[in-house]
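Structure first, commentary second.
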Amino acid sequence: MKAIVIREPGGPEVLELRDVEEPVPARGEARVRVRATAVNRADLLQRMGAYPAPPGSPAAIPGLEYSGVVDALGEDVTELAVGDRVFGLVGGGSYAEKIVTPARTIARMPKDISFPNAAAVPEAFLTAFDALMQANVRPGDRVLVSAVGSGVGTAAVQICRALGARAFGTARSQQKIERARALGMIDGVVTRDGHFAEAIGKIAGSIDIVLELVGGSYIADDLTCLAMRGRIVLVGMMAGTHADVNLGMVLRKRATIIGTMLRARPLEEKIVAARMLEQNLAPLFDEHKLVPVIDRVMPLAQAREAHEAMASNETFGKIVLEV
């Protein structure tokens, strides 16, 4: 089968389309003929050698999400059938024509959705939904979403709207703010220097939940924005892994800071995530309360160009690779 392989750690030029051995499902596993996958920040880090794939996942084939059709089943798999249209998350390996994964981590796709659209859903919408559940989001909560034009950001805005929460956001351009408004965001601010607390305070008041996708210096402003007993959920660290945090403010506001990551979770939690995807999120796509947000669709062979596009930080929503 064809797959994108990381030749060695480095820039986009190390991604090569190669013939590799087709995987065979073992007991409890299913094989999916991948029809589309999507690009994530973790793929870029893995390519650079900064984020190795977890044990059991292909070490040199990136890709965390997929949509496709079940084409083979291992022994004792009863929850799926050959021909099922499915999507989901994997630890790696979805930049390929076929993947093998535990059957119970696979979810059935929404009924009326294309494979490219479905591939834009699992990582972004599960990450956002899971983070908001950890923060115990409630109707009426004011939620600040950093990097609101990202895949997770655009998903979070829509999920907030569906749950009755009020989303606000930060982005690096006014165009992204306007496009996020069209998805249901109440208002947002452009930030180029990592400071936004004063501007957010003027348009939103105090914030109940921050979905932090940038990290680094943003944490200090998150705390300034936060209401009493507010929650910060740290999802990404594009701005770095260190922050100058006023611990006195954490104490005074009785703030909670939660760290979350999907990729490294144990199998049992990934099974729960798959059920969340199928039972909680897929129906909202069927009801058109949620929609995938795609910046562009490219062929798998153009994975290098797709990585370059993501690294530019100019995209809005997901970059999808058709396989």
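If you're wondering about the labels, chains in the structure tokens are A, B, ... by order shown, residues count from 1 in each chain, ligands from 1 in order shown.
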*Got a sec to tell me which of region 41-279 of chain A DSSP assigns to strand (DSSP E or B), as an MDAnalysis selection string?*
chainID A and resid 65:73 85:89 96 98:102 106:108 142:145 166:171 187:190 207:212 226:234 256:259
Give me, as JSON lines, the closest atom pair and its distance (Å, one decimal) for every residue of region 236-318 of chain A within a cut-off of 12 Å of region 73-95 of chain A, counting only C-alpha atoms, rows sorted by chain and rising number.
{"residue": "A:Met261", "atom": "CA", "partner": "A:Gly91", "partner_atom": "CA", "distance": 11.8}
{"residue": "A:Leu262", "atom": "CA", "partner": "A:Leu89", "partner_atom": "CA", "distance": 9.0}
{"residue": "A:Arg263", "atom": "CA", "partner": "A:Gly91", "partner_atom": "CA", "distance": 5.8}
{"residue": "A:Ala264", "atom": "CA", "partner": "A:Gly91", "partner_atom": "CA", "distance": 7.7}
{"residue": "A:Arg265", "atom": "CA", "partner": "A:Gly91", "partner_atom": "CA", "distance": 9.4}
{"residue": "A:Pro266", "atom": "CA", "partner": "A:Gly91", "partner_atom": "CA", "distance": 10.6}
{"residue": "A:Leu267", "atom": "CA", "partner": "A:Gly91", "partner_atom": "CA", "distance": 10.4}
{"residue": "A:Glu269", "atom": "CA", "partner": "A:Leu89", "partner_atom": "CA", "distance": 11.8}
{"residue": "A:Lys270", "atom": "CA", "partner": "A:Leu89", "partner_atom": "CA", "distance": 8.2}
{"residue": "A:Ile271", "atom": "CA", "partner": "A:Leu89", "partner_atom": "CA", "distance": 10.0}
{"residue": "A:Val272", "atom": "CA", "partner": "A:Leu89", "partner_atom": "CA", "distance": 11.7}
{"residue": "A:Ala273", "atom": "CA", "partner": "A:Leu89", "partner_atom": "CA", "distance": 8.8}
{"residue": "A:Ala274", "atom": "CA", "partner": "A:Gly88", "partner_atom": "CA", "distance": 6.7}
{"residue": "A:Arg275", "atom": "CA", "partner": "A:Gly88", "partner_atom": "CA", "distance": 10.0}
{"residue": "A:Met276", "atom": "CA", "partner": "A:Gly88", "partner_atom": "CA", "distance": 10.6}
{"residue": "A:Leu277", "atom": "CA", "partner": "A:Gly88", "partner_atom": "CA", "distance": 7.8}
{"residue": "A:Glu278", "atom": "CA", "partner": "A:Phe87", "partner_atom": "CA", "distance": 9.1}
{"residue": "A:Leu281", "atom": "CA", "partner": "A:Gly88", "partner_atom": "CA", "distance": 11.8}
{"residue": "A:Ala282", "atom": "CA", "partner": "A:Phe87", "partner_atom": "CA", "distance": 10.3}
{"residue": "A:Pro299", "atom": "CA", "partner": "A:Tyr95", "partner_atom": "CA", "distance": 10.5}
{"residue": "A:Leu300", "atom": "CA", "partner": "A:Tyr95", "partner_atom": "CA", "distance": 7.1}
{"residue": "A:Ala301", "atom": "CA", "partner": "A:Tyr95", "partner_atom": "CA", "distance": 9.5}
{"residue": "A:Gln302", "atom": "CA", "partner": "A:Tyr95", "partner_atom": "CA", "distance": 10.9}
{"residue": "A:Ala303", "atom": "CA", "partner": "A:Tyr95", "partner_atom": "CA", "distance": 8.5}
{"residue": "A:Arg304", "atom": "CA", "partner": "A:Tyr95", "partner_atom": "CA", "distance": 11.7}
{"residue": "A:Ala306", "atom": "CA", "partner": "A:Tyr95", "partner_atom": "CA", "distance": 11.8}
For the residues in the current selection, export C-alpha atoms as a PDB file, in the first residue's frame.
ATOM      1  CA  MET A 261      -4.086  15.199  25.888  1.00  0.00           C
ATOM      2  CA  LEU A 262      -5.864  12.573  23.785  1.00  0.00           C
ATOM      3  CA  ARG A 263      -3.009  10.824  21.986  1.00  0.00           C
ATOM      4  CA  ALA A 264      -1.260   9.338  25.000  1.00  0.00           C
ATOM      5  CA  ARG A 265      -4.352   8.001  26.761  1.00  0.00           C
ATOM      6  CA  PRO A 266      -4.667   4.276  27.537  1.00  0.00           C
ATOM      7  CA  LEU A 267      -6.822   2.029  25.379  1.00  0.00           C
ATOM      8  CA  GLU A 269     -10.016   5.876  27.596  1.00  0.00           C
ATOM      9  CA  LYS A 270      -9.696   5.809  23.797  1.00  0.00           C
ATOM     10  CA  ILE A 271     -12.648   3.420  23.683  1.00  0.00           C
ATOM     11  CA  VAL A 272     -14.644   5.917  25.756  1.00  0.00           C
ATOM     12  CA  ALA A 273     -13.596   8.687  23.349  1.00  0.00           C
ATOM     13  CA  ALA A 274     -14.842   6.654  20.378  1.00  0.00           C
ATOM     14  CA  ARG A 275     -18.228   6.200  22.004  1.00  0.00           C
ATOM     15  CA  MET A 276     -18.315   9.928  22.729  1.00  0.00           C
ATOM     16  CA  LEU A 277     -17.602  10.595  19.055  1.00  0.00           C
ATOM     17  CA  GLU A 278     -20.340   8.234  17.864  1.00  0.00           C
ATOM     18  CA  LEU A 281     -21.060  14.263  18.498  1.00  0.00           C
ATOM     19  CA  ALA A 282     -22.142  12.377  15.357  1.00  0.00           C
ATOM     20  CA  PRO A 299      -4.114  14.665  -2.171  1.00  0.00           C
ATOM     21  CA  LEU A 300      -2.018  12.513   0.168  1.00  0.00           C
ATOM     22  CA  ALA A 301       0.969  12.902  -2.145  1.00  0.00           C
ATOM     23  CA  GLN A 302       1.026  16.626  -1.260  1.00  0.00           C
ATOM     24  CA  ALA A 303       1.611  16.033   2.460  1.00  0.00           C
ATOM     25  CA  ARG A 304       4.738  18.210   2.306  1.00  0.00           C
ATOM     26  CA  ALA A 306       0.048  20.500   3.609  1.00  0.00           C
TER      27      ALA A 306
END
*Surrounding residues of Leu251 (chain A) excluding itself and chain neighbours under 4 positions, 10 Å, only C-alpha atoms, as JSON, numbers by chain*: {"A": [228, 229, 246, 247, 255, 256]}
_Counting only C-alpha atoms, the option among A:Arg179, A:Arg252, A:His288, A:Arg142 closest to Ser206 (chain A)_ =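 Distance minimum relative to Ser206 (chain A) lands on A:Arg142.
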*Looking at only C-alpha atoms, which of A:Ala147, A:Val39, A:Ala182, A:Cys160 is the one that sits closest to Ala239 (chain A)?*
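Closest to Ala239 (chain A) of all the choices is A:Ala147.
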Shell of 12 Å around region 109-116 of chain A, only C-alpha atoms, local chain residues under 2 positions omitted, as a PDB file with N, CA, C and O atoms, in the first residue's frame:
ATOM      1  N   ARG A  33      -9.900   0.866   5.201  1.00  0.00           N
ATOM      2  CA  ARG A  33      -9.389   1.462   3.960  1.00  0.00           C
ATOM      3  C   ARG A  33      -9.594   2.967   4.091  1.00  0.00           C
ATOM      4  O   ARG A  33     -10.722   3.474   4.068  1.00  0.00           O
ATOM      5  N   VAL A  34      -8.517   3.686   4.321  1.00  0.00           N
ATOM      6  CA  VAL A  34      -8.598   5.126   4.599  1.00  0.00           C
ATOM      7  C   VAL A  34      -8.975   5.880   3.333  1.00  0.00           C
ATOM      8  O   VAL A  34      -8.379   5.680   2.269  1.00  0.00           O
ATOM      9  N   ARG A  35      -9.968   6.724   3.458  1.00  0.00           N
ATOM     10  CA  ARG A  35     -10.379   7.569   2.332  1.00  0.00           C
ATOM     11  C   ARG A  35      -9.903   9.012   2.514  1.00  0.00           C
ATOM     12  O   ARG A  35      -9.745   9.735   1.536  1.00  0.00           O
ATOM     13  N   ALA A  36      -9.710   9.417   3.754  1.00  0.00           N
ATOM     14  CA  ALA A  36      -9.201  10.769   4.018  1.00  0.00           C
ATOM     15  C   ALA A  36      -8.598  10.811   5.422  1.00  0.00           C
ATOM     16  O   ALA A  36      -8.976  10.040   6.302  1.00  0.00           O
ATOM     17  N   THR A  37      -7.648  11.703   5.602  1.00  0.00           N
ATOM     18  CA  THR A  37      -7.055  11.970   6.912  1.00  0.00           C
ATOM     19  C   THR A  37      -6.895  13.482   7.030  1.00  0.00           C
ATOM     20  O   THR A  37      -7.267  14.220   6.120  1.00  0.00           O
ATOM     21  N   ALA A  38      -6.391  13.962   8.136  1.00  0.00           N
ATOM     22  CA  ALA A  38      -6.230  15.404   8.313  1.00  0.00           C
ATOM     23  C   ALA A  38      -4.909  15.695   9.006  1.00  0.00           C
ATOM     24  O   ALA A  38      -4.335  14.824   9.686  1.00  0.00           O
ATOM     25  N   VAL A  39      -4.430  16.908   8.826  1.00  0.00           N
ATOM     26  CA  VAL A  39      -3.130  17.322   9.365  1.00  0.00           C
ATOM     27  C   VAL A  39      -3.334  17.969  10.729  1.00  0.00           C
ATOM     28  O   VAL A  39      -4.233  18.802  10.912  1.00  0.00           O
ATOM     29  N   GLU A  65      -5.926  10.879  12.656  1.00  0.00           N
ATOM     30  CA  GLU A  65      -7.368  10.722  12.459  1.00  0.00           C
ATOM     31  C   GLU A  65      -7.632  10.263  11.035  1.00  0.00           C
ATOM     32  O   GLU A  65      -6.796  10.405  10.145  1.00  0.00           O
ATOM     33  N   TYR A  66      -8.828   9.721  10.834  1.00  0.00           N
ATOM     34  CA  TYR A  66      -9.123   9.126   9.530  1.00  0.00           C
ATOM     35  C   TYR A  66     -10.629   9.036   9.328  1.00  0.00           C
ATOM     36  O   TYR A  66     -11.424   9.085  10.270  1.00  0.00           O
ATOM     37  N   SER A  67     -11.013   8.878   8.079  1.00  0.00           N
ATOM     38  CA  SER A  67     -12.343   8.391   7.715  1.00  0.00           C
ATOM     39  C   SER A  67     -12.140   7.358   6.623  1.00  0.00           C
ATOM     40  O   SER A  67     -11.176   7.421   5.857  1.00  0.00           O
ATOM     41  N   GLY A  68     -13.044   6.378   6.565  1.00  0.00           N
ATOM     42  CA  GLY A  68     -12.876   5.341   5.564  1.00  0.00           C
ATOM     43  C   GLY A  68     -13.896   4.239   5.704  1.00  0.00           C
ATOM     44  O   GLY A  68     -14.958   4.425   6.312  1.00  0.00           O
ATOM     45  N   VAL A  69     -13.562   3.074   5.168  1.00  0.00           N
ATOM     46  CA  VAL A  69     -14.467   1.933   5.129  1.00  0.00           C
ATOM     47  C   VAL A  69     -13.767   0.713   5.715  1.00  0.00           C
ATOM     48  O   VAL A  69     -12.615   0.428   5.366  1.00  0.00           O
ATOM     49  N   VAL A  70     -14.438   0.003   6.614  1.00  0.00           N
ATOM     50  CA  VAL A  70     -13.882  -1.226   7.172  1.00  0.00           C
ATOM     51  C   VAL A  70     -13.718  -2.245   6.048  1.00  0.00           C
ATOM     52  O   VAL A  70     -14.672  -2.530   5.307  1.00  0.00           O
ATOM     53  N   ASP A  84     -18.667  -1.010   6.638  1.00  0.00           N
ATOM     54  CA  ASP A  84     -19.107   0.098   7.483  1.00  0.00           C
ATOM     55  C   ASP A  84     -18.296   1.362   7.184  1.00  0.00           C
ATOM     56  O   ASP A  84     -17.070   1.314   7.043  1.00  0.00           O
ATOM     57  N   ARG A  85     -18.979   2.492   7.117  1.00  0.00           N
ATOM     58  CA  ARG A  85     -18.334   3.803   6.955  1.00  0.00           C
ATOM     59  C   ARG A  85     -17.982   4.322   8.346  1.00  0.00           C
ATOM     60  O   ARG A  85     -18.862   4.508   9.184  1.00  0.00           O
ATOM     61  N   VAL A  86     -16.696   4.542   8.592  1.00  0.00           N
ATOM     62  CA  VAL A  86     -16.237   4.807   9.955  1.00  0.00           C
ATOM     63  C   VAL A  86     -15.240   5.962   9.978  1.00  0.00           C
ATOM     64  O   VAL A  86     -14.688   6.367   8.958  1.00  0.00           O
ATOM     65  N   PHE A  87     -15.010   6.470  11.203  1.00  0.00           N
ATOM     66  CA  PHE A  87     -13.970   7.470  11.423  1.00  0.00           C
ATOM     67  C   PHE A  87     -13.480   7.354  12.847  1.00  0.00           C
ATOM     68  O   PHE A  87     -14.060   6.646  13.669  1.00  0.00           O
ATOM     69  N   GLY A  88     -12.371   8.043  13.147  1.00  0.00           N
ATOM     70  CA  GLY A  88     -11.861   7.959  14.504  1.00  0.00           C
ATOM     71  C   GLY A  88     -10.435   8.455  14.639  1.00  0.00           C
ATOM     72  O   GLY A  88      -9.870   9.057  13.716  1.00  0.00           O
ATOM     73  N   ILE A 106     -13.165   2.528  17.100  1.00  0.00           N
ATOM     74  CA  ILE A 106     -13.690   3.001  15.826  1.00  0.00           C
ATOM     75  C   ILE A 106     -15.143   3.447  16.006  1.00  0.00           C
ATOM     76  O   ILE A 106     -15.922   2.792  16.691  1.00  0.00           O
ATOM     77  N   ALA A 107     -15.511   4.561  15.374  1.00  0.00           N
ATOM     78  CA  ALA A 107     -16.879   5.080  15.448  1.00  0.00           C
ATOM     79  C   ALA A 107     -17.491   5.105  14.049  1.00  0.00           C
ATOM     80  O   ALA A 107     -16.793   5.300  13.053  1.00  0.00           O
ATOM     81  N   ALA A 118     -15.692  14.102   7.112  1.00  0.00           N
ATOM     82  CA  ALA A 118     -15.595  13.261   8.310  1.00  0.00           C
ATOM     83  C   ALA A 118     -14.179  13.227   8.864  1.00  0.00           C
ATOM     84  O   ALA A 118     -13.982  13.188  10.086  1.00  0.00           O
ATOM     85  N   ALA A 119     -13.184  13.272   7.987  1.00  0.00           N
ATOM     86  CA  ALA A 119     -11.793  13.236   8.451  1.00  0.00           C
ATOM     87  C   ALA A 119     -11.407  14.485   9.228  1.00  0.00           C
ATOM     88  O   ALA A 119     -10.451  14.483  10.007  1.00  0.00           O
ATOM     89  N   ALA A 120     -12.163  15.579   9.024  1.00  0.00           N
ATOM     90  CA  ALA A 120     -11.877  16.830   9.727  1.00  0.00           C
ATOM     91  C   ALA A 120     -12.493  16.881  11.115  1.00  0.00           C
ATOM     92  O   ALA A 120     -12.310  17.857  11.841  1.00  0.00           O
ATOM     93  N   VAL A 121     -13.198  15.824  11.514  1.00  0.00           N
ATOM     94  CA  VAL A 121     -13.960  15.857  12.760  1.00  0.00           C
ATOM     95  C   VAL A 121     -13.233  15.291  13.978  1.00  0.00           C
ATOM     96  O   VAL A 121     -13.193  15.953  15.028  1.00  0.00           O
ATOM     97  N   PRO A 122     -12.690  14.063  13.954  1.00  0.00           N
ATOM     98  CA  PRO A 122     -12.346  13.385  15.218  1.00  0.00           C
ATOM     99  C   PRO A 122     -11.422  14.155  16.154  1.00  0.00           C
ATOM    100  O   PRO A 122     -11.757  14.363  17.330  1.00  0.00           O
ATOM    101  N   ALA A 274     -14.150   7.086  21.592  1.00  0.00           N
ATOM    102  CA  ALA A 274     -14.842   6.654  20.378  1.00  0.00           C
ATOM    103  C   ALA A 274     -16.352   6.644  20.569  1.00  0.00           C
ATOM    104  O   ALA A 274     -17.117   7.042  19.682  1.00  0.00           O
ATOM    105  N   ARG A 275     -16.786   6.196  21.728  1.00  0.00           N
ATOM    106  CA  ARG A 275     -18.228   6.200  22.004  1.00  0.00           C
ATOM    107  C   ARG A 275     -18.746   7.639  22.099  1.00  0.00           C
ATOM    108  O   ARG A 275     -19.866   7.946  21.694  1.00  0.00           O
ATOM    109  N   LEU A 277     -17.553  10.120  20.435  1.00  0.00           N
ATOM    110  CA  LEU A 277     -17.602  10.595  19.055  1.00  0.00           C
ATOM    111  C   LEU A 277     -18.863  10.101  18.361  1.00  0.00           C
ATOM    112  O   LEU A 277     -19.554  10.875  17.672  1.00  0.00           O
ATOM    113  N   GLU A 278     -19.199   8.824  18.548  1.00  0.00           N
ATOM    114  CA  GLU A 278     -20.340   8.234  17.864  1.00  0.00           C
ATOM    115  C   GLU A 278     -21.678   8.627  18.482  1.00  0.00           C
ATOM    116  O   GLU A 278     -22.643   8.914  17.762  1.00  0.00           O
ATOM    117  N   GLN A 279     -21.731   8.679  19.793  1.00  0.00           N
ATOM    118  CA  GLN A 279     -23.016   8.865  20.467  1.00  0.00           C
ATOM    119  C   GLN A 279     -23.331  10.322  20.789  1.00  0.00           C
ATOM    120  O   GLN A 279     -24.503  10.721  20.779  1.00  0.00           O
ATOM    121  N   ASN A 280     -22.305  11.122  21.110  1.00  0.00           N
ATOM    122  CA  ASN A 280     -22.546  12.505  21.511  1.00  0.00           C
ATOM    123  C   ASN A 280     -22.375  13.505  20.379  1.00  0.00           C
ATOM    124  O   ASN A 280     -23.112  14.495  20.307  1.00  0.00           O
ATOM    125  N   LEU A 281     -21.374  13.279  19.523  1.00  0.00           N
ATOM    126  CA  LEU A 281     -21.060  14.263  18.498  1.00  0.00           C
ATOM    127  C   LEU A 281     -21.671  13.955  17.138  1.00  0.00           C
ATOM    128  O   LEU A 281     -22.211  14.853  16.490  1.00  0.00           O
ATOM    129  N   ALA A 282     -21.608  12.708  16.687  1.00  0.00           N
ATOM    130  CA  ALA A 282     -22.142  12.377  15.357  1.00  0.00           C
ATOM    131  C   ALA A 282     -23.592  12.810  15.173  1.00  0.00           C
ATOM    132  O   ALA A 282     -23.943  13.362  14.114  1.00  0.00           O
ATOM    133  N   PRO A 283     -24.476  12.621  16.173  1.00  0.00           N
ATOM    134  CA  PRO A 283     -25.863  13.074  15.974  1.00  0.00           C
ATOM    135  C   PRO A 283     -25.984  14.579  15.739  1.00  0.00           C
ATOM    136  O   PRO A 283     -26.887  15.030  15.023  1.00  0.00           O
ATOM    137  N   LEU A 284     -25.070  15.353  16.307  1.00  0.00           N
ATOM    138  CA  LEU A 284     -25.127  16.806  16.115  1.00  0.00           C
ATOM    139  C   LEU A 284     -24.746  17.195  14.687  1.00  0.00           C
ATOM    140  O   LEU A 284     -25.179  18.236  14.189  1.00  0.00           O
ATOM    141  N   PHE A 285     -23.920  16.368  14.042  1.00  0.00           N
ATOM    142  CA  PHE A 285     -23.633  16.599  12.617  1.00  0.00           C
ATOM    143  C   PHE A 285     -24.839  16.207  11.775  1.00  0.00           C
ATOM    144  O   PHE A 285     -25.178  16.894  10.807  1.00  0.00           O
ATOM    145  N   ASP A 286     -25.502  15.116  12.134  1.00  0.00           N
ATOM    146  CA  ASP A 286     -26.719  14.712  11.420  1.00  0.00           C
ATOM    147  C   ASP A 286     -27.795  15.787  11.518  1.00  0.00           C
ATOM    148  O   ASP A 286     -28.578  15.993  10.582  1.00  0.00           O
ATOM    149  N   GLU A 287     -27.841  16.479  12.669  1.00  0.00           N
ATOM    150  CA  GLU A 287     -28.839  17.534  12.876  1.00  0.00           C
ATOM    151  C   GLU A 287     -28.368  18.892  12.380  1.00  0.00           C
ATOM    152  O   GLU A 287     -29.073  19.892  12.540  1.00  0.00           O
ATOM    153  N   HIS A 288     -27.156  18.934  11.804  1.00  0.00           N
ATOM    154  CA  HIS A 288     -26.568  20.161  11.260  1.00  0.00           C
ATOM    155  C   HIS A 288     -26.348  21.230  12.319  1.00  0.00           C
ATOM    156  O   HIS A 288     -26.285  22.425  12.017  1.00  0.00           O
ATOM    157  N   LEU A 290     -23.576  20.983  14.134  1.00  0.00           N
ATOM    158  CA  LEU A 290     -22.132  21.084  14.003  1.00  0.00           C
ATOM    159  C   LEU A 290     -21.767  20.853  12.544  1.00  0.00           C
ATOM    160  O   LEU A 290     -22.411  20.045  11.857  1.00  0.00           O
ATOM    161  N   VAL A 291     -20.734  21.552  12.066  1.00  0.00           N
ATOM    162  CA  VAL A 291     -20.255  21.344  10.697  1.00  0.00           C
ATOM    163  C   VAL A 291     -18.725  21.303  10.709  1.00  0.00           C
ATOM    164  O   VAL A 291     -18.090  22.053  11.444  1.00  0.00           O
ATOM    165  N   PRO A 292     -18.117  20.412   9.915  1.00  0.00           N
ATOM    166  CA  PRO A 292     -16.655  20.433   9.793  1.00  0.00           C
ATOM    167  C   PRO A 292     -16.209  21.741   9.140  1.00  0.00           C
ATOM    168  O   PRO A 292     -16.897  22.257   8.255  1.00  0.00           O
ATOM    169  N   VAL A 293     -15.093  22.263   9.590  1.00  0.00           N
ATOM    170  CA  VAL A 293     -14.537  23.476   8.995  1.00  0.00           C
ATOM    171  C   VAL A 293     -13.222  23.103   8.329  1.00  0.00           C
ATOM    172  O   VAL A 293     -12.259  22.696   8.993  1.00  0.00           O
ATOM    173  N   ILE A 294     -13.170  23.216   7.000  1.00  0.00           N
ATOM    174  CA  ILE A 294     -12.008  22.765   6.226  1.00  0.00           C
ATOM    175  C   ILE A 294     -11.406  23.948   5.474  1.00  0.00           C
ATOM    176  O   ILE A 294     -12.109  24.653   4.748  1.00  0.00           O
ATOM    177  N   ASP A 295     -10.124  24.141   5.662  1.00  0.00           N
ATOM    178  CA  ASP A 295      -9.413  25.193   4.941  1.00  0.00           C
ATOM    179  C   ASP A 295      -9.149  24.764   3.499  1.00  0.00           C
ATOM    180  O   ASP A 295      -9.346  25.539   2.566  1.00  0.00           O
ATOM    181  N   ARG A 296      -8.699  23.516   3.339  1.00  0.00           N
ATOM    182  CA  ARG A 296      -8.416  23.007   1.997  1.00  0.00           C
ATOM    183  C   ARG A 296      -8.337  21.485   2.027  1.00  0.00           C
ATOM    184  O   ARG A 296      -8.063  20.894   3.077  1.00  0.00           O
ATOM    185  N   VAL A 297      -8.580  20.865   0.867  1.00  0.00           N
ATOM    186  CA  VAL A 297      -8.438  19.422   0.691  1.00  0.00           C
ATOM    187  C   VAL A 297      -7.346  19.192  -0.348  1.00  0.00           C
ATOM    188  O   VAL A 297      -7.386  19.778  -1.434  1.00  0.00           O
ATOM    189  N   MET A 298      -6.382  18.329   0.000  1.00  0.00           N
ATOM    190  CA  MET A 298      -5.244  18.067  -0.866  1.00  0.00           C
ATOM    191  C   MET A 298      -5.047  16.558  -0.999  1.00  0.00           C
ATOM    192  O   MET A 298      -5.457  15.802  -0.114  1.00  0.00           O
ATOM    193  N   PRO A 299      -4.409  16.094  -2.077  1.00  0.00           N
ATOM    194  CA  PRO A 299      -4.114  14.665  -2.171  1.00  0.00           C
ATOM    195  C   PRO A 299      -3.011  14.269  -1.187  1.00  0.00           C
ATOM    196  O   PRO A 299      -2.167  15.092  -0.815  1.00  0.00           O
ATOM    197  N   LEU A 300      -3.018  13.010  -0.784  1.00  0.00           N
ATOM    198  CA  LEU A 300      -2.018  12.513   0.168  1.00  0.00           C
ATOM    199  C   LEU A 300      -0.598  12.792  -0.312  1.00  0.00           C
ATOM    200  O   LEU A 300       0.281  13.112   0.498  1.00  0.00           O
ATOM    201  N   LYS A 318      -9.400  22.940   9.271  1.00  0.00           N
ATOM    202  CA  LYS A 318      -8.556  21.775   9.056  1.00  0.00           C
ATOM    203  C   LYS A 318      -8.009  21.715   7.622  1.00  0.00           C
ATOM    204  O   LYS A 318      -8.638  22.159   6.670  1.00  0.00           O
ATOM    205  N   ILE A 319      -6.838  21.095   7.512  1.00  0.00           N
ATOM    206  CA  ILE A 319      -6.292  20.692   6.222  1.00  0.00           C
ATOM    207  C   ILE A 319      -6.512  19.188   6.095  1.00  0.00           C
ATOM    208  O   ILE A 319      -6.063  18.414   6.945  1.00  0.00           O
ATOM    209  N   VAL A 320      -7.208  18.789   5.044  1.00  0.00           N
ATOM    210  CA  VAL A 320      -7.569  17.376   4.844  1.00  0.00           C
ATOM    211  C   VAL A 320      -6.764  16.812   3.684  1.00  0.00           C
ATOM    212  O   VAL A 320      -6.539  17.493   2.666  1.00  0.00           O
ATOM    213  N   LEU A 321      -6.321  15.574   3.841  1.00  0.00           N
ATOM    214  CA  LEU A 321      -5.611  14.844   2.794  1.00  0.00           C
ATOM    215  C   LEU A 321      -6.492  13.701   2.307  1.00  0.00           C
ATOM    216  O   LEU A 321      -6.877  12.833   3.105  1.00  0.00           O
ATOM    217  N   GLU A 322      -6.823  13.705   1.030  1.00  0.00           N
ATOM    218  CA  GLU A 322      -7.577  12.586   0.465  1.00  0.00           C
ATOM    219  C   GLU A 322      -6.613  11.472   0.093  1.00  0.00           C
ATOM    220  O   GLU A 322      -5.523  11.702  -0.438  1.00  0.00           O
ATOM    221  N   VAL A 323      -7.021  10.245   0.388  1.00  0.00           N
ATOM    222  CA  VAL A 323      -6.134   9.086   0.188  1.00  0.00           C
ATOM    223  C   VAL A 323      -6.650   8.271  -0.992  1.00  0.00           C
ATOM    224  O   VAL A 323      -7.836   7.943  -1.045  1.00  0.00           O
TER     225      VAL A 323
END
_Of the listed residues A:Glu305, A:Glu212, A:Asp187, A:Asp193, that which approaches Val152 (chain A) most closely, counting only C-alpha atoms_ =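 Of all the options, A:Glu212 lies closest to Val152 (chain A).
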Could you pull the residues within 7 Å of Lys2 (chain A), counting only C-alpha atoms, minus those fewer than 5 positions along the same chain, as a PDB file with N, CA and C atoms, in the first residue's frame?
ATOM      1  N   LEU A  17       6.318   9.675  -0.163  1.00  0.00           N
ATOM      2  CA  LEU A  17       5.276   8.712  -0.500  1.00  0.00           C
ATOM      3  C   LEU A  17       5.958   7.410  -0.919  1.00  0.00           C
ATOM      4  N   ARG A  18       5.695   6.341  -0.164  1.00  0.00           N
ATOM      5  CA  ARG A  18       6.375   5.072  -0.412  1.00  0.00           C
ATOM      6  C   ARG A  18       5.385   3.911  -0.444  1.00  0.00           C
ATOM      7  N   ASP A  19       5.846   2.789  -0.983  1.00  0.00           N
ATOM      8  CA  ASP A  19       5.137   1.521  -0.856  1.00  0.00           C
ATOM      9  C   ASP A  19       5.576   0.863   0.444  1.00  0.00           C
ATOM     10  N   VAL A  20       4.633   0.504   1.295  1.00  0.00           N
ATOM     11  CA  VAL A  20       4.939  -0.161   2.563  1.00  0.00           C
ATOM     12  C   VAL A  20       4.040  -1.393   2.695  1.00  0.00           C
ATOM     13  N   ALA A  96      -1.930   6.945   5.209  1.00  0.00           N
ATOM     14  CA  ALA A  96      -1.715   5.679   4.509  1.00  0.00           C
ATOM     15  C   ALA A  96      -3.027   5.190   3.927  1.00  0.00           C
ATOM     16  N   GLU A  97      -2.928   4.247   2.986  1.00  0.00           N
ATOM     17  CA  GLU A  97      -4.136   3.716   2.363  1.00  0.00           C
ATOM     18  C   GLU A  97      -4.920   2.813   3.308  1.00  0.00           C
TER      19      GLU A  97
END
*Compare A:Lys176, A:Arg27, A:Arg47, A:Lys202 by their minimum atom-to-atom distance to Ala103 (chain A), counting only C-alpha atoms, and give me the closest one.*
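Using only C-alpha atoms, the shortest distance to Ala103 (chain A) belongs to A:Arg27.
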*Quick one: everything within 8 Å of Pro25 (chain A), counting only C-alpha atoms, minus sequence neighbours fewer than 2 positions away in the same chain. Send it as JSON, numbers by chain.*
{"A": [23, 27, 28, 29, 30, 31, 72, 73, 74, 100, 101]}
*Pull the helix (DSSP H, G or I) assignments for region 16-141 of chain A out of DSSP run on the backbone, and list those residues as a count of residues only.*
28
*Hey, which of A:Ala59, A:Ile4, A:Ala309, A:Ala26 ends up closest to Arg41 (chain A)? Count only C-alpha atoms.*
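Of A:Ala59, A:Ile4, A:Ala309, A:Ala26, the one nearest Arg41 (chain A) is A:Ala309, counting only C-alpha atoms.
The residue that comes closest to Glu178 (chain A), out of A:Pro54, A:Gly317, A:Pro62, A:Gly149 and on the basis of only C-alpha atoms, is A:Gly149.
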*Pick out the residues sitting within 9 Å of region 242-245 of chain A, and hand them over as a VMD selection string; count only C-alpha atoms, and ignore anything fewer than 6 positions along from it in its own chain.*
chain A and resid 215 to 220 223
